[in-house]
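Chemist: Next comes the structure file model_33.tsv, holding TSV, C-alpha atoms and all ligand atoms.
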chain	number	residue	atom	x	y	z
A	1	MET	CA	132.57	111.24	65.17
A	2	LYS	CA	134.48	110.53	61.96
A	3	ILE	CA	133.59	112.49	58.83
A	4	TRP	CA	132.88	109.23	56.97
A	5	THR	CA	130.25	108.34	59.56
A	6	LEU	CA	128.51	111.63	58.84
A	7	ILE	CA	128.74	111.17	55.08
A	8	VAL	CA	127.34	107.63	55.26
A	9	ALA	CA	124.52	108.86	57.50
A	10	ALA	CA	123.71	111.70	55.09
A	11	ILE	CA	123.64	109.35	52.07
A	12	PHE	CA	121.42	106.95	54.01
A	13	CYS	CA	119.00	109.80	54.81
A	14	LEU	CA	118.93	110.94	51.16
A	15	SER	CA	118.22	107.37	50.07
A	16	LEU	CA	115.40	107.10	52.57
A	17	SER	CA	113.90	110.32	51.26
A	18	SER	CA	113.24	108.58	47.92
A	19	CYS	CA	111.49	105.63	49.56
A	20	PHE	CA	108.09	107.23	49.86
A	21	GLU	CA	106.49	104.09	48.60
A	22	ARG	CA	108.43	100.90	48.23
A	23	VAL	CA	106.34	99.13	45.64
A	24	VAL	CA	108.88	98.02	43.08
A	25	GLU	CA	111.38	95.29	43.74
A	26	PRO	CA	113.17	93.22	41.09
A	27	GLU	CA	110.80	90.33	41.70
A	28	ASP	CA	107.82	92.63	41.10
A	29	VAL	CA	109.27	93.76	37.80
A	30	PHE	CA	110.28	90.36	36.50
A	31	ASP	CA	107.38	88.42	38.02
A	32	ALA	CA	107.41	84.87	36.67
A	33	ILE	CA	110.52	85.43	34.58
A	34	ARG	CA	113.57	84.01	36.28
A	35	ARG	CA	117.17	84.60	35.41
A	36	GLY	CA	118.46	81.84	33.18
A	37	GLY	CA	115.05	80.90	31.81
A	38	THR	CA	114.00	81.84	28.31
A	39	TYR	CA	111.13	84.28	28.25
A	40	SER	CA	109.62	83.40	24.92
A	41	PRO	CA	108.52	79.78	24.38
A	42	ALA	CA	109.99	80.02	20.86
A	43	SER	CA	113.40	81.02	22.19
A	44	LYS	CA	115.94	78.18	22.46
A	45	MET	CA	119.25	78.18	24.32
A	46	ILE	CA	122.11	77.88	21.81
A	47	ASP	CA	124.85	77.74	24.45
A	48	SER	CA	125.15	78.49	28.13
A	49	TRP	CA	124.50	82.26	27.66
A	50	TYR	CA	122.43	83.02	24.55
A	51	ALA	CA	118.95	81.95	23.53
A	52	VAL	CA	117.73	82.63	19.99
A	53	GLU	CA	114.21	83.00	18.71
A	54	VAL	CA	113.83	82.50	14.96
A	55	ILE	CA	111.11	85.04	14.23
A	56	ASP	CA	111.25	84.13	10.55
A	57	SER	CA	113.97	82.68	8.32
A	58	GLN	CA	115.75	86.07	8.12
A	59	THR	CA	114.95	87.61	11.50
A	60	PHE	CA	116.52	86.51	14.77
A	61	ALA	CA	115.98	87.69	18.33
A	62	ILE	CA	119.17	87.02	20.28
A	63	ASN	CA	118.24	86.89	23.96
A	64	GLU	CA	120.52	86.97	26.99
A	65	PRO	CA	118.26	85.27	29.54
A	66	LYS	CA	120.87	85.34	32.30
A	67	SER	CA	121.50	89.08	31.98
A	68	SER	CA	120.01	91.19	34.75
A	69	GLN	CA	117.97	93.26	32.28
A	70	TYR	CA	116.83	90.40	30.02
A	71	ASN	CA	118.40	91.96	26.95
A	72	THR	CA	117.53	91.11	23.37
A	73	SER	CA	119.47	92.17	20.27
A	74	TYR	CA	118.16	91.56	16.74
A	75	LEU	CA	119.82	90.22	13.61
A	76	ILE	CA	117.83	91.41	10.58
A	77	VAL	CA	119.00	89.73	7.37
A	78	GLY	CA	118.39	90.63	3.72
A	79	ASN	CA	119.56	88.85	0.58
A	80	GLU	CA	122.77	90.92	0.37
A	81	ARG	CA	123.39	92.53	3.75
A	82	ALA	CA	122.27	92.28	7.36
A	83	VAL	CA	121.72	94.70	10.21
A	84	MET	CA	122.71	93.88	13.77
A	85	PHE	CA	120.51	95.99	16.00
A	86	ASP	CA	122.43	96.27	19.31
A	87	ALA	CA	125.59	94.54	20.46
A	88	GLY	CA	124.72	92.79	23.69
A	89	SER	CA	124.71	93.47	27.40
A	90	SER	CA	127.94	93.85	29.33
A	91	GLU	CA	127.25	90.75	31.42
A	92	ARG	CA	128.27	87.77	29.31
A	93	PRO	CA	130.90	85.60	31.02
A	94	ALA	CA	134.53	85.61	29.93
A	95	GLY	CA	135.14	83.17	27.10
A	96	SER	CA	131.54	83.28	25.82
A	97	LYS	CA	130.75	84.21	22.23
A	98	SER	CA	130.64	87.87	21.26
A	99	MET	CA	127.47	89.19	19.62
A	100	ARG	CA	129.48	89.28	16.36
A	101	GLN	CA	130.23	85.56	16.67
A	102	VAL	CA	126.59	84.76	17.38
A	103	ALA	CA	125.51	86.75	14.31
A	104	ALA	CA	127.95	84.72	12.19
A	105	LEU	CA	125.99	81.57	13.09
A	106	TYR	CA	123.00	82.92	11.15
A	107	THR	CA	124.38	84.90	8.21
A	108	ASP	CA	127.47	85.21	6.02
A	109	ASN	CA	126.32	88.57	4.64
A	110	PRO	CA	128.22	91.73	5.53
A	111	ILE	CA	126.76	93.21	8.71
A	112	THR	CA	125.89	96.83	9.43
A	113	LEU	CA	125.92	97.44	13.18
A	114	ILE	CA	123.31	99.91	14.40
A	115	LEU	CA	122.93	100.67	18.10
A	116	SER	CA	119.36	101.30	19.24
A	117	HIS	CA	120.90	103.82	21.66
A	118	PHE	CA	124.08	104.21	23.69
A	119	HIS	CA	123.20	102.76	27.11
A	120	TYR	CA	125.80	100.35	28.50
A	121	ASP	CA	123.59	97.28	28.22
A	122	HIS	CA	123.24	97.52	24.41
A	123	ILE	CA	126.76	98.30	23.21
A	124	TYR	CA	129.14	95.82	24.80
A	125	ASP	CA	130.40	93.99	21.70
A	126	ALA	CA	130.15	96.97	19.33
A	127	SER	CA	133.92	97.07	18.88
A	128	LYS	CA	133.89	93.42	17.77
A	129	PHE	CA	132.12	94.30	14.52
A	130	GLU	CA	134.89	94.65	11.96
A	131	GLY	CA	132.77	96.94	9.78
A	132	GLY	CA	132.43	99.52	12.56
A	133	VAL	CA	129.21	101.20	13.64
A	134	THR	CA	126.65	103.21	11.71
A	135	LEU	CA	125.41	106.14	13.83
A	136	ILE	CA	122.23	108.17	13.79
A	137	ASP	CA	122.84	111.46	12.04
A	138	ARG	CA	122.50	114.15	14.69
A	139	PRO	CA	124.69	117.27	14.88
A	140	GLU	CA	125.91	116.60	18.42
A	141	ILE	CA	126.99	113.09	17.44
A	142	ARG	CA	128.72	114.17	14.22
A	143	ALA	CA	130.57	116.85	16.22
A	144	GLU	CA	132.09	114.21	18.50
A	145	VAL	CA	133.47	111.98	15.72
A	146	LYS	CA	137.25	112.40	15.83
A	147	ASN	CA	139.53	110.76	13.25
A	148	GLY	CA	136.71	108.48	12.21
A	149	LEU	CA	136.09	107.28	15.78
A	150	TYR	CA	133.20	107.86	18.15
A	151	THR	CA	133.54	107.35	21.89
A	152	ILE	CA	130.33	106.80	23.82
A	153	SER	CA	130.65	109.00	26.90
A	154	MET	CA	129.87	108.13	30.52
A	155	LEU	CA	126.73	110.27	30.43
A	156	GLU	CA	125.56	108.48	27.26
A	157	SER	CA	126.32	104.94	28.45
A	158	VAL	CA	125.32	105.59	32.09
A	159	ASP	CA	128.47	103.64	32.85
A	160	ALA	CA	132.17	103.86	32.04
A	161	GLU	CA	133.34	105.51	28.84
A	162	ALA	CA	133.22	102.92	26.05
A	163	THR	CA	135.97	101.74	23.69
A	164	PRO	CA	136.21	104.14	20.71
A	165	LEU	CA	134.21	102.79	17.77
A	166	LYS	CA	135.09	103.03	14.10
A	167	VAL	CA	132.34	105.02	12.37
A	168	THR	CA	131.28	103.49	9.06
A	169	GLY	CA	128.64	106.08	8.26
A	170	PHE	CA	125.46	107.82	9.34
A	171	ILE	CA	121.80	107.09	8.92
A	172	ALA	CA	119.24	109.86	9.25
A	173	ASP	CA	115.63	109.88	10.32
A	174	GLY	CA	113.62	108.97	7.22
A	175	ASP	CA	116.42	107.02	5.51
A	176	VAL	CA	115.65	103.61	4.04
A	177	ILE	CA	118.28	100.89	4.42
A	178	ASP	CA	118.33	98.41	1.53
A	179	LEU	CA	119.47	94.95	2.63
A	180	GLY	CA	118.62	93.27	-0.69
A	181	SER	CA	114.95	92.32	-1.13
A	182	ARG	CA	114.35	93.76	2.31
A	183	THR	CA	114.26	97.38	3.46
A	184	LEU	CA	114.28	99.07	6.86
A	185	ASP	CA	112.93	102.56	7.48
A	186	VAL	CA	114.98	104.50	10.02
A	187	LEU	CA	113.36	106.58	12.73
A	188	ASN	CA	115.17	108.73	15.27
A	189	LEU	CA	112.83	108.81	18.27
A	190	PRO	CA	114.12	110.92	21.19
A	191	GLY	CA	112.38	110.17	24.47
A	192	HIS	CA	114.21	107.42	26.35
A	193	THR	CA	117.43	108.96	24.99
A	194	THR	CA	118.08	111.52	22.28
A	195	GLU	CA	119.78	109.09	19.88
A	196	SER	CA	117.13	106.35	20.17
A	197	ILE	CA	116.43	104.54	16.91
A	198	ALA	CA	113.57	102.39	15.69
A	199	LEU	CA	113.68	100.34	12.48
A	200	ILE	CA	110.56	99.46	10.52
A	201	ASP	CA	110.30	96.61	8.02
A	202	LYS	CA	107.09	97.66	6.27
A	203	ALA	CA	106.80	94.55	4.10
A	204	ARG	CA	106.88	92.17	7.07
A	205	ASN	CA	105.14	94.67	9.34
A	206	GLN	CA	107.89	94.35	11.95
A	207	THR	CA	109.17	97.24	14.07
A	208	PHE	CA	112.30	97.07	16.20
A	209	THR	CA	112.19	99.62	18.97
A	210	GLY	CA	115.24	99.22	21.24
A	211	ASP	CA	114.47	100.84	24.59
A	212	PHE	CA	112.03	103.39	23.20
A	213	VAL	CA	109.32	100.89	24.07
A	214	TYR	CA	109.51	97.28	25.25
A	215	LYS	CA	107.40	94.94	27.31
A	216	HIS	CA	109.57	94.61	30.35
A	217	LEU	CA	106.58	93.78	32.47
A	218	GLY	CA	105.87	97.46	32.29
A	219	GLY	CA	109.08	99.25	33.17
A	220	ILE	CA	109.49	102.08	30.68
A	221	ILE	CA	112.48	104.19	31.68
A	222	ALA	CA	112.09	107.96	31.32
A	223	PHE	CA	114.56	109.00	33.99
A	224	ALA	CA	117.88	108.58	32.19
A	225	PRO	CA	120.15	111.47	31.27
A	226	ALA	CA	118.70	112.82	28.00
A	227	SER	CA	115.25	111.38	28.73
A	228	ASP	CA	112.74	113.93	27.49
A	229	LEU	CA	109.06	113.57	28.33
A	230	PRO	CA	107.47	115.88	25.69
A	231	SER	CA	109.61	114.25	22.98
A	232	TYR	CA	108.71	110.82	24.33
A	233	LYS	CA	105.02	111.59	23.96
A	234	ALA	CA	105.34	113.18	20.51
A	235	ASN	CA	107.45	110.33	19.17
A	236	SER	CA	105.13	107.67	20.63
A	237	ASP	CA	102.35	109.24	18.59
A	238	ARG	CA	104.57	109.32	15.53
A	239	LEU	CA	105.42	105.63	15.94
A	240	LEU	CA	101.73	104.80	16.29
A	241	GLN	CA	100.94	106.68	13.08
A	242	LEU	CA	103.68	104.87	11.14
A	243	THR	CA	102.52	101.42	12.25
A	244	ASN	CA	99.17	99.68	12.48
A	245	ALA	CA	97.11	97.31	14.59
A	246	ASP	CA	98.80	94.26	13.04
A	247	THR	CA	102.40	95.46	13.47
A	248	GLN	CA	104.62	93.16	15.49
A	249	PHE	CA	106.89	95.20	17.75
A	250	PHE	CA	110.17	93.87	19.10
A	251	GLY	CA	111.82	95.56	22.10
A	252	ALA	CA	115.23	95.26	23.70
A	253	HIS	CA	114.23	93.99	27.15
A	254	GLY	CA	111.94	91.43	28.67
A	255	ILE	CA	109.25	89.79	26.58
A	256	PRO	CA	110.52	90.66	23.11
A	257	ARG	CA	107.24	90.79	21.18
A	258	PHE	CA	104.28	93.10	21.76
A	259	GLY	CA	101.56	94.89	19.86
A	260	HIS	CA	100.24	98.29	18.83
A	261	ASP	CA	97.96	98.41	21.88
A	262	TRP	CA	100.99	98.42	24.19
A	263	VAL	CA	102.53	101.42	22.39
A	264	SER	CA	99.13	103.10	22.47
A	265	LEU	CA	98.88	102.62	26.24
A	266	MET	CA	102.37	104.08	26.70
A	267	SER	CA	101.44	107.07	24.60
A	268	SER	CA	98.27	107.78	26.57
A	269	GLU	CA	100.11	107.58	29.91
A	270	LEU	CA	102.87	109.84	28.60
A	271	GLY	CA	100.11	112.20	27.51
A	272	LYS	CA	98.86	112.46	31.10
A	273	ILE	CA	102.38	113.30	32.27
A	274	VAL	CA	102.99	115.92	29.57
A	275	ARG	CA	99.60	117.58	30.08
A	276	GLY	CA	100.41	117.96	33.77
A	277	LYS	CA	97.75	115.45	34.83
A	278	PRO	CA	99.79	112.48	36.03
A	279	ASP	CA	98.87	110.31	38.97
A	280	TYR	CA	102.35	109.75	40.32
A	281	ARG	CA	103.43	107.44	43.07
A	282	TYR	CA	106.93	107.86	44.48
A	283	VAL	CA	108.91	104.68	44.67
A	284	ALA	CA	112.31	103.24	45.37
A	285	HIS	CA	113.30	101.58	42.15
A	286	TYR	CA	115.42	98.52	41.64
A	287	LEU	CA	117.54	100.25	39.01
A	288	ALA	CA	118.44	103.43	40.80
A	289	PRO	CA	118.24	103.22	44.59
A	290	GLY	CA	118.56	106.64	46.11
A	291	LEU	CA	117.15	108.43	43.06
A	292	PRO	CA	113.70	109.94	43.59
A	293	VAL	CA	111.69	107.99	41.05
A	294	ARG	CA	108.04	108.59	40.36
A	295	LEU	CA	105.84	106.05	38.74
A	296	GLN	CA	102.93	106.60	36.37
A	297	GLN	CA	101.03	103.34	36.20
A	298	ASN	CA	98.05	101.98	34.33
A	299	ALA	CA	97.45	98.21	34.38
A	300	ASN	CA	100.77	96.57	33.44
A	301	MET	CA	102.20	99.77	31.99
A	302	SER	CA	104.57	101.55	34.35
A	303	ILE	CA	106.53	104.60	33.31
A	304	TYR	CA	109.36	105.56	35.64
A	305	THR	CA	110.50	109.14	35.61
A	306	THR	CA	112.01	111.62	38.02
A	307	PRO	CA	111.88	115.32	38.75
A	308	LEU	CA	115.47	115.32	37.49
A	309	VAL	CA	114.32	115.12	33.85
A	310	ASP	CA	111.55	117.65	34.22
A	311	PRO	CA	112.76	120.26	33.32
A	312	PRO	CA	115.22	118.35	31.14
A	313	LEU	CA	118.14	120.69	31.77
A	314	PHE	CA	118.91	118.98	35.08
A	315	TRP	CA	120.86	116.11	33.57
A	316	SER	CA	123.65	118.25	32.15
A	317	LYS	CA	127.20	117.74	33.32
A	318	TRP	CA	127.37	121.36	34.53
A	319	THR	CA	124.26	120.95	36.65
A	320	LEU	CA	125.56	117.66	38.03
A	321	LEU	CA	128.87	119.35	38.84
A	322	LEU	CA	127.02	122.18	40.57
A	323	VAL	CA	124.93	119.73	42.58
A	324	ALA	CA	128.02	117.70	43.50
A	325	GLY	CA	129.78	120.92	44.59
A	326	LEU	CA	126.83	122.09	46.67
A	327	GLY	CA	126.46	118.60	48.13
A	328	ALA	CA	130.11	118.56	49.20
A	329	LEU	CA	129.64	121.99	50.79
A	330	VAL	CA	126.56	120.83	52.71
A	331	PHE	CA	128.37	117.73	53.96
A	332	TYR	CA	131.28	119.90	55.07
A	333	LEU	CA	128.96	122.26	56.96
A	334	ILE	CA	127.23	119.28	58.63
A	335	TYR	CA	130.66	118.03	59.64
A	336	ARG	CA	131.66	121.42	61.09
A	337	VAL	CA	128.40	121.80	62.98
A	338	GLY	CA	128.69	118.21	64.26
A	339	ARG	CA	132.20	118.87	65.48
A	340	LEU	CA	131.14	122.06	67.24
A	341	LEU	CA	128.27	120.24	68.97
A	342	PHE	CA	130.36	117.25	70.06
A	343	VAL	CA	133.29	119.40	71.14
A	344	ALA	CA	130.87	121.64	73.08
A	345	VAL	CA	129.41	118.56	74.83
A	401	ZN	ZN	118.30	102.26	27.60
Produce structure tokens that represent the structure in this file.
Modeler:
Amino acid sequence: MKIWTLIVAAIFCLSLSSCFERVVEPEDVFDAIRRGGTYSPASKMIDSWYAVEVIDSQTFAINEPKSSQYNTSYLIVGNERAVMFDAGSSERPAGSKSMRQVAALYTDNPITLILSHFHYDHIYDASKFEGGVTLIDRPEIRAEVKNGLYTISMLESVDAEATPLKVTGFIADGDVIDLGSRTLDVLNLPGHTTESIALIDKARNQTFTGDFVYKHLGGIIAFAPASDLPSYKANSDRLLQLTNADTQFFGAHGIPRFGHDWVSLMSSELGKIVRGKPDYRYVAHYLAPGLPVRLQQNANMSIYTTPLVDPPLFWSKWTLLLVAGLGALVFYLIYRVGRLLFVAV
């Protein structure tokens, strides 16, 4: 028997071990939403890739209906400046407009690019913004800025290392961004990832939440590297306190708009997890086959997490290296034992 046969068999067995309950398939998650269709009636295709919803005359949801994760980025315009909140998925076809070019269709004002977080599906056109990127002010991020450039790592993007980005400046939790007759309050909300940002326009009662919370037919992701369940719960409560029953929330995936009640439901389910009283089901997930994913579900709210983030130290590169090393050793031992058995026979 070839060693590759053994390795493939071992990977297959590991994958099966996470399939305790196969309840989530892409079609379950997306339900009636189909790739290529807009998912808000107010969203109109502007070309063959993007659809734009004009939320008001200075606020634009830029959807990518054909992307696998139904991404939405937001252009938030003031009288003097604008903020681009996220830079698009990595799936647009060659020759299509960059997120920077789409933004230029709606404003001539200088644009500050802010990334809701560093996952691969929110950062693709970040380098196309001539003004660079404004980062959340956290010590571990400042420490990695070299010669005015920040490189989003593989662990941060959950994909390949990104193109180095010119850093324009930092915004800290509690800062207020003045766009000219429009302000945005900055929140740093660790939970989904450490660097996660939400922006609040108090005057219009709009809150832009990135991946911290969205209405993706329920799929809240708390299994990424740097996902942190106690922080997720604490910051959900903080977000609830800083908003109200009439706040319109705008997320980065799926159905863009949702309400306070959705955030409240997420918070209460996170509370069950953090208090040690979850009602988990173990599932094979469409995003991470092979990863043991457990699901906390209440009505349409599903929170996906994994033992790998609880305790949170698992997702460190040293732990991953250790696991990879031990895994290689186990495979080698299986190979040796297999050889002994087959040779003996
Ligand atoms: Zn994300």
Chemist: Closest to A:Met154 among A:Pro139, A:Pro225, A:Gly180, A:Gly338, using all atoms listed in the file?
Modeler: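 Ranking A:Pro139, A:Pro225, A:Gly180, A:Gly338 by distance to A:Met154, first place goes to A:Pro225.
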Chemist: Got a sec to check which residues lie within 7 Å of ligand ZN 401 (chain A), using only C-alpha atoms and all ligand atoms, and send them as a PyMOL selection string?
Modeler: chain A and resi 117+119+192+211
Chemist: Please list as a list in words every residue within 9 Å of A:Gln69, counting only C-alpha atoms and excluding residues in the same chain fewer than 3 positions away.
Modeler: Glu64, Pro65, Lys66, Ser89, Asp121, His216, His253 and Gly254 of chain A
Chemist: For each of A:Ala324, A:Ile114, A:Val186, A:Val337, take the minimum atom-to-atom distance to A:Ala82, counting only C-alpha atoms, then give the residue where this is smallest.
Modeler: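 With only C-alpha atoms as the atom set, the closest residue is A:Ile114.
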Chemist: Enumerate, as a list in words, the protein, DNA and RNA residues whose atoms approach (115.4, 91.8, 20.7) to within 7 Å, taking into account all atoms listed in the file and the coordinate frame of the file.
Modeler: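 Taken together, the residues in range are Ala61, Ile62, Asn63, Asn71, Thr72, Ser73, Tyr74, Phe250, Gly251, Ala252, His253 and Pro256 of chain A.
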Chemist: Record the distance separating atom CA of A:Tyr282 and atom CA of A:Ile303, expressed in Å with one decimal.
Modeler: 11.6 Å
Chemist: To one decimal place, how far is atom CA of A:Phe85 from atom CA of A:Lys202 in Å?
Modeler: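 So the two atoms, atom CA of A:Phe85 and atom CA of A:Lys202, lie 16.7 Å apart.
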Chemist: I'd like the contact shell of A:Thr243 - 9 Å cut-off, all atoms listed in the file, skipping same-chain residues fewer than 5 positions apart - returned as a list in words.
Modeler: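 Selected residues are Ile200, Lys202, Asn205, Gln206, Thr207, Arg238 and His260 of chain A.
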Chemist: If we count all atoms listed in the file, what is near A:Leu105 at a cut-off of 12 Å, once residues fewer than 2 positions away on the same chain are taken out, given as an mmCIF file with C-alpha atoms, keeping the file's coordinate frame?
Modeler:
data_model
loop_
_atom_site.group_PDB
_atom_site.id
_atom_site.type_symbol
_atom_site.label_atom_id
_atom_site.label_comp_id
_atom_site.auth_asym_id
_atom_site.auth_seq_id
_atom_site.Cartn_x
_atom_site.Cartn_y
_atom_site.Cartn_z
ATOM 1 C CA ILE A 46 122.110 77.880 21.810
ATOM 2 C CA VAL A 52 117.730 82.630 19.990
ATOM 3 C CA PHE A 60 116.520 86.510 14.770
ATOM 4 C CA ILE A 62 119.170 87.020 20.280
ATOM 5 C CA LEU A 75 119.820 90.220 13.610
ATOM 6 C CA LYS A 97 130.750 84.210 22.230
ATOM 7 C CA SER A 98 130.640 87.870 21.260
ATOM 8 C CA MET A 99 127.470 89.190 19.620
ATOM 9 C CA ARG A 100 129.480 89.280 16.360
ATOM 10 C CA GLN A 101 130.230 85.560 16.670
ATOM 11 C CA VAL A 102 126.590 84.760 17.380
ATOM 12 C CA ALA A 103 125.510 86.750 14.310
ATOM 13 C CA THR A 107 124.380 84.900 8.210
ATOM 14 C CA ASP A 108 127.470 85.210 6.020
ATOM 15 C CA ASN A 109 126.320 88.570 4.640
#
Chemist: Identify which of the residues A:Ala94, A:Val77, A:Ile220, A:Leu322 lies closest to A:Ser48, counting only C-alpha atoms when measuring atom-to-atom distances.
Modeler: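 With only C-alpha atoms as the atom set, the closest residue is A:Ala94.
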Chemist: How many Å separate atom CA of A:Tyr232 from atom CA of A:Pro190?
Modeler: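 Taking atom CA of A:Tyr232 as the start and atom CA of A:Pro190 as the end point, the length is 6.3 Å.
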Chemist: Name the residues within 8 Å of (108.2, 109.4, 41.3), counting all atoms listed in the file in the file's coordinates, and put them as a count of residues only.
Modeler: 13
